[in-house]
$ cat upload02.cif   # mmCIF, C-alpha atoms
data_upload
loop_
_atom_site.label_atom_id
_atom_site.label_comp_id
_atom_site.auth_asym_id
_atom_site.auth_seq_id
_atom_site.Cartn_x
_atom_site.Cartn_y
_atom_site.Cartn_z
CA MET S 16 147.29 140.53 114.91
CA ASN S 17 148.74 137.66 112.93
CA ALA S 18 148.55 137.98 109.15
CA PRO S 19 146.42 135.26 107.53
CA LEU S 20 147.95 132.49 105.53
CA SER S 21 147.09 132.43 101.87
CA PRO S 22 144.80 129.59 100.76
CA SER S 23 147.49 127.95 98.66
CA ALA S 24 149.30 124.99 100.16
CA LEU S 25 152.57 123.36 99.32
CA PRO S 26 152.54 120.70 96.62
CA ALA S 27 152.12 117.24 98.07
CA GLY S 28 154.96 114.80 98.06
CA ARG S 29 157.80 117.16 98.89
CA ASN S 30 159.83 115.03 101.24
CA ARG S 31 163.32 116.49 100.96
CA ARG S 32 163.92 118.84 103.88
CA GLY S 33 165.86 121.40 101.82
CA GLY S 34 163.07 121.59 99.27
CA LEU S 35 160.43 121.95 101.97
CA VAL S 36 162.35 124.77 103.62
CA GLN S 37 162.59 126.64 100.32
CA GLU S 38 158.86 126.12 99.70
CA VAL S 39 158.04 127.68 103.09
CA VAL S 40 160.43 130.57 102.40
CA GLN S 41 158.74 131.23 99.05
CA HIS S 42 155.28 130.96 100.60
CA LEU S 43 156.05 133.56 103.28
CA GLN S 44 157.89 135.78 100.79
CA GLN S 45 154.84 135.72 98.55
CA LEU S 46 152.61 136.85 101.42
CA ILE S 47 155.01 139.74 102.07
CA GLN S 48 155.51 140.71 98.44
CA THR S 49 151.80 140.68 97.62
CA GLY S 50 151.00 142.86 100.65
CA GLN S 51 149.10 140.25 102.63
CA ILE S 52 151.79 140.79 105.25
CA GLN S 53 152.78 144.44 105.58
CA PRO S 54 156.02 145.77 107.15
CA GLY S 55 155.54 145.59 110.90
CA ASP S 56 152.92 142.85 110.71
CA LYS S 57 153.41 139.69 112.71
CA LEU S 58 153.92 136.55 110.64
CA PRO S 59 151.67 133.53 111.22
CA THR S 60 152.79 131.45 114.19
CA GLU S 61 154.96 128.39 113.71
CA SER S 62 151.98 126.20 114.58
CA ALA S 63 149.79 127.95 111.99
CA VAL S 64 152.39 127.47 109.24
CA MET S 65 152.88 123.84 110.25
CA ALA S 66 149.15 123.16 110.12
CA GLU S 67 148.57 125.02 106.85
CA LEU S 68 151.51 123.64 104.92
CA GLY S 69 151.97 120.24 106.54
CA VAL S 70 155.61 120.70 107.51
CA SER S 71 157.57 120.18 110.71
CA ARG S 72 158.55 122.83 113.25
CA THR S 73 162.20 122.34 112.25
CA VAL S 74 161.39 123.18 108.63
CA VAL S 75 159.46 126.31 109.64
CA ARG S 76 162.24 127.51 111.92
CA GLU S 77 164.87 127.01 109.24
CA ALA S 78 162.73 128.94 106.76
CA ILE S 79 162.37 131.81 109.25
CA SER S 80 166.14 131.77 109.79
CA ARG S 81 166.68 132.21 106.05
CA LEU S 82 164.27 135.15 105.97
CA GLN S 83 166.07 136.68 108.93
CA ALA S 84 169.44 136.26 107.23
CA SER S 85 168.14 138.09 104.15
CA GLY S 86 166.80 140.96 106.26
CA GLN S 87 163.14 140.35 105.45
CA VAL S 88 161.94 139.55 108.97
CA GLU S 89 163.04 139.89 112.57
CA THR S 90 162.16 137.68 115.52
CA ARG S 91 161.42 139.30 118.88
CA HIS S 92 161.86 136.66 121.53
CA GLY S 93 158.68 135.87 123.38
CA ILE S 94 156.59 137.99 120.99
CA GLY S 95 156.88 136.62 117.47
CA THR S 96 158.38 137.24 114.04
CA PHE S 97 157.64 140.46 112.16
CA ALA S 98 158.04 141.59 108.57
CA LEU S 99 160.63 144.31 107.99
CA PRO S 100 160.45 147.14 105.43
CA SER S 101 162.27 146.39 102.19
CA PRO S 102 165.84 147.67 102.48
CA THR S 103 166.69 150.72 100.42
CA THR S 104 169.47 149.62 98.09
CA HIS S 105 170.65 150.23 94.57
CA ASN S 106 169.88 146.66 93.58
CA PHE S 107 167.45 145.78 90.84
CA ARG S 108 163.84 146.44 91.78
CA ILE S 109 160.46 147.10 90.17
CA ALA S 110 158.40 149.37 92.41
CA GLU S 111 154.75 150.42 92.16
CA GLN S 112 155.72 153.68 90.47
CA ASP S 113 157.58 151.68 87.82
CA MET S 114 154.27 150.17 86.68
CA ALA S 115 152.30 153.39 86.35
CA THR S 116 151.82 153.56 82.56
CA VAL S 117 151.04 151.22 79.67
CA ASP S 118 154.63 151.59 78.46
CA ASP S 119 155.88 150.52 81.92
CA VAL S 120 153.72 147.40 81.85
CA ILE S 121 154.89 146.57 78.32
CA ALA S 122 158.51 146.91 79.44
CA VAL S 123 157.97 144.41 82.25
CA LEU S 124 156.23 142.03 79.83
CA GLU S 125 159.32 142.17 77.60
CA LEU S 126 161.43 141.17 80.59
CA ARG S 127 159.01 138.36 81.43
CA ILE S 128 159.09 137.04 77.83
CA SER S 129 162.83 136.48 78.15
CA LEU S 130 162.70 134.89 81.60
CA GLU S 131 159.48 132.90 81.52
CA THR S 132 159.99 131.46 78.04
CA GLU S 133 163.11 129.70 79.31
CA ALA S 134 161.35 128.83 82.59
CA ALA S 135 158.64 127.01 80.64
CA GLY S 136 161.26 125.05 78.73
CA LEU S 137 163.01 124.00 81.93
CA ALA S 138 159.68 123.10 83.52
CA ALA S 139 158.92 120.82 80.59
CA GLN S 140 162.16 118.98 81.31
CA ARG S 141 161.94 118.88 85.10
CA ALA S 142 158.35 119.17 86.37
CA THR S 143 157.38 116.50 88.88
CA PRO S 144 153.89 114.94 89.03
CA GLU S 145 153.20 117.02 92.15
CA GLN S 146 154.19 120.22 90.36
CA LEU S 147 151.96 119.34 87.42
CA THR S 148 149.12 118.84 89.91
CA ALA S 149 149.81 122.28 91.37
CA MET S 150 149.69 123.85 87.89
CA ALA S 151 146.42 122.08 87.16
CA ALA S 152 145.00 123.40 90.43
CA ALA S 153 145.94 126.95 89.43
CA LEU S 154 144.24 126.44 86.07
CA HIS S 155 141.13 125.18 87.82
CA GLY S 156 141.21 128.23 90.08
CA PHE S 157 141.39 130.49 87.04
CA SER S 158 138.42 128.75 85.45
CA MET S 159 136.37 129.05 88.65
CA ALA S 160 137.30 132.73 88.94
CA ILE S 161 135.96 133.37 85.44
CA HIS S 162 132.75 131.54 86.37
CA ASN S 163 132.45 133.67 89.52
CA GLN S 164 132.99 136.93 87.62
CA SER S 165 136.37 137.52 89.29
CA ASP S 166 139.47 139.04 87.67
CA ALA S 167 141.38 135.75 88.26
CA VAL S 168 144.56 137.62 89.20
CA PRO S 169 145.60 135.35 92.13
CA SER S 170 145.21 132.14 90.12
CA ASP S 171 146.87 133.75 87.08
CA PHE S 172 149.92 134.67 89.15
CA GLN S 173 149.88 131.28 90.87
CA PHE S 174 150.04 129.45 87.54
CA HIS S 175 153.12 131.42 86.49
CA MET S 176 154.62 130.84 89.94
CA GLU S 177 154.09 127.07 89.66
CA VAL S 178 155.83 127.06 86.27
CA ALA S 179 158.75 128.94 87.85
CA LYS S 180 158.93 126.44 90.72
CA ALA S 181 158.92 123.53 88.28
CA THR S 182 162.18 124.75 86.73
CA GLY S 183 164.00 123.25 89.72
CA ASN S 184 165.96 126.51 89.89
CA ARG S 185 164.90 128.51 92.93
CA HIS S 186 166.00 131.82 91.41
CA PHE S 187 163.11 131.76 88.95
CA ALA S 188 160.59 131.34 91.77
CA ASP S 189 162.40 133.88 93.96
CA LEU S 190 162.18 136.47 91.18
CA MET S 191 158.48 135.76 90.60
CA THR S 192 157.84 136.10 94.32
CA TYR S 193 159.74 139.38 94.36
CA LEU S 194 157.80 140.77 91.40
CA GLY S 195 154.45 139.79 92.92
CA THR S 196 150.96 139.97 91.44
CA HIS S 197 151.39 143.48 90.07
CA ILE S 198 153.25 141.97 87.08
CA ILE S 199 149.83 140.74 85.87
CA PRO S 200 148.85 143.55 83.48
CA ARG S 201 145.20 143.77 84.51
CA THR S 202 146.19 144.69 88.08
CA ARG S 203 147.53 147.95 86.63
CA ILE S 204 145.41 148.49 83.51
CA LYS S 205 141.81 147.48 82.81
CA THR S 206 142.77 145.16 79.98
CA ALA S 207 139.88 142.74 80.54
CA GLU S 208 137.22 145.44 80.72
CA GLN S 209 138.59 147.24 77.64
CA ALA S 210 139.04 144.12 75.49
CA PRO S 211 137.06 144.37 72.21
CA GLU S 212 135.71 140.83 72.62
CA GLY S 213 134.44 141.53 76.14
CA ARG S 214 135.73 140.72 79.59
CA GLN S 215 134.66 137.06 79.78
CA ALA S 216 135.98 136.19 76.33
CA TYR S 217 139.26 137.94 77.12
CA LEU S 218 139.77 135.92 80.30
CA GLN S 219 138.79 132.71 78.50
CA ARG S 220 141.45 133.42 75.89
CA VAL S 221 144.09 133.96 78.57
CA HIS S 222 142.95 130.72 80.22
CA GLY S 223 143.30 128.89 76.90
CA GLU S 224 146.85 130.21 76.51
CA HIS S 225 147.67 128.92 80.00
CA GLU S 226 146.26 125.52 79.09
CA SER S 227 148.52 125.38 76.02
CA ILE S 228 151.55 126.07 78.22
CA PHE S 229 150.46 123.42 80.71
CA ASN S 230 149.82 120.77 78.07
CA ALA S 231 153.29 121.28 76.57
CA ILE S 232 154.93 121.05 80.00
CA ARG S 233 152.89 117.95 80.89
CA ASN S 234 153.99 116.36 77.61
CA HIS S 235 157.64 117.22 78.40
CA ASP S 236 157.82 119.09 75.08
CA THR S 237 160.49 121.70 75.75
CA GLU S 238 160.20 123.67 72.52
CA ALA S 239 156.40 123.65 72.56
CA ALA S 240 156.42 124.90 76.15
CA ARG S 241 158.77 127.73 75.25
CA ALA S 242 156.67 128.63 72.22
CA ALA S 243 153.41 128.57 74.17
CA MET S 244 154.78 130.81 76.93
CA ARG S 245 156.30 133.22 74.42
CA THR S 246 153.01 133.36 72.51
CA HIS S 247 151.03 133.98 75.71
CA LEU S 248 153.20 136.84 76.96
CA SER S 249 153.69 138.30 73.48
CA ASN S 250 149.92 138.34 73.02
CA SER S 251 149.58 140.29 76.26
CA ARG S 252 152.23 142.75 75.10
CA ASP S 253 150.65 143.13 71.66
CA ARG S 254 147.18 143.68 73.14
CA LEU S 255 148.59 146.49 75.28
CA ARG S 256 150.37 148.04 72.33
CA LYS S 257 147.12 148.07 70.35
CA ALA S 258 145.28 149.63 73.28
CA ARG S 259 147.97 152.27 73.68
CA ASN S 260 148.05 153.13 69.98
CA GLY S 261 144.28 153.22 69.82
CA ALA S 262 144.18 155.75 72.62
CA ALA S 263 146.87 157.92 71.04
#
$ encode --input "upload02.cif" --output "structure tokens"
Amino acid sequence: MNAPLSPSALPAGRNRRGGLVQEVVQHLQQLIQTGQIQPGDKLPTESAVMAELGVSRTVVREAISRLQASGQVETRHGIGTFALPSPTTHNFRIAEQDMATVDDVIAVLELRISLETEAAGLAAQRATPEQLTAMAAALHGFSMAIHNQSDAVPSDFQFHMEVAKATGNRHFADLMTYLGTHIIPRTRIKTAEQAPEGRQAYLQRVHGEHESIFNAIRNHDTEAARAAMRTHLSNSRDRLRKARNGAA
């Protein structure tokens, strides 16, 4: 059975073929990395990807070719394209077992502070109107998730992904796709439920921090964007440290 496409679509206005191909690659990688497509699952058909993302068959086929070249999928002629298990290598990786404790999550946040602070600064310099629209859509999704009593993890991750894409450097987005949603602390630890101010207030505070990042990027204020991202991720780290020390 074909794996479903995620509800997110590509930002409008992408008319360079190379950029469109990379967007489709990242979209399919995200489905694989977040577990929506498991090893052995059949990818959505070319027609489904074309309809969902508004791209041509040529773009989809080139994206699939890139995934094949990197060993992430294989195409069986006459049957379809299937996700492959992640290769066992000695390359850098963060696996599920590497996010098992509070200290593990804090360690990943420290890595993210270094990477995403610079990503926010680059996004402030390079973000297109379409990318700003995509960030705003992720913020709206977060707000609606709070209203609907959801944990807002997908929209939280999507906001950080859109910032990474807006750097104009595909390696930032590739790394975010690789890390997947489990880098969001509350997927591993009940940070929202355990927050002293209560779950809703906690999520509203995170949302406000995201808005500060977005406003700085929209204003093309590089230093403010860096500072807002650093503050946001440092706050997450510090909240976890307090929770860990309180439980000790």
$ residues_around --input "upload02.cif" --residues "Ser158 (chain S)" --least-positions-apart "3" --cutoff "12 Å" --atoms "only C-alpha atoms" --output "PyMOL selection string"
chain S and resi 151-155+161-171+174+215+218-223+225-226
$ resolve_selection --input "upload02.cif" --expression "the PyMOL selection byres ((chain S and resi 239) around 12)" --output "PyMOL selection string"
chain S and resi 132-133+135-140+227-238+240-246
$ atom_distance --input "upload02.cif" --atom1 "CA of Arg91 (chain S)" --atom2 "CA of Leu58 (chain S)"
11.5 Å
$ resolve_selection --input "upload02.cif" --expression "the PyMOL selection byres ((chain S and resi 100) around 10)" --output "ChimeraX atom specification"
/S:47,53-55,86-88,97-99,101-103
$ residues_around --input "upload02.cif" --residues "region 192-201 of chain S" --least-positions-apart "5" --cutoff "10 Å" --atoms "all atoms listed in the file" --output "NGL selection string"
:S and (41-50 or 108-111 or 114 or 117 or 120-121 or 123-124 or 127 or 166-173 or 175-176 or 179 or 186-187 or 206-208 or 251-252 or 255)
$ residues_around --input "upload02.cif" --residues "region 70-76 of chain S" --least-positions-apart "6" --cutoff "8 Å" --atoms "all atoms listed in the file" --output "list of chain:residue names"
S:Arg32, S:Leu35, S:Val36, S:Val39, S:Glu61, S:Ser62, S:Val64
$ closest_residue --input "upload02.cif" --among "S:Glu177, S:Ala258, S:Leu190, S:Lys57" --to "Ile94 (chain S)" --atoms "all atoms listed in the file"
S:Lys57
$ axis_aligned_box --input "upload02.cif" --around "region 64-70 of chain S" --padding-each-side "4 Å" --output "JSON"
{"center_x": 152.1, "center_y": 123.9, "center_z": 107.6, "size_x": 15.0, "size_y": 15.2, "size_z": 13.3}
$ closest_residue --input "upload02.cif" --among "S:Glu224, S:Asp56, S:Glu67, S:Glu145" --to "Gly95 (chain S)" --atoms "only C-alpha atoms"
S:Asp56
$ atom_distance --input "upload02.cif" --atom1 "CA of Glu38 (chain S)" --atom2 "CA of Gly183 (chain S)"
11.6 Å
$ atom_distance --input "upload02.cif" --atom1 "CA of Asp119 (chain S)" --atom2 "CA of Asn260 (chain S)"
14.5 Å
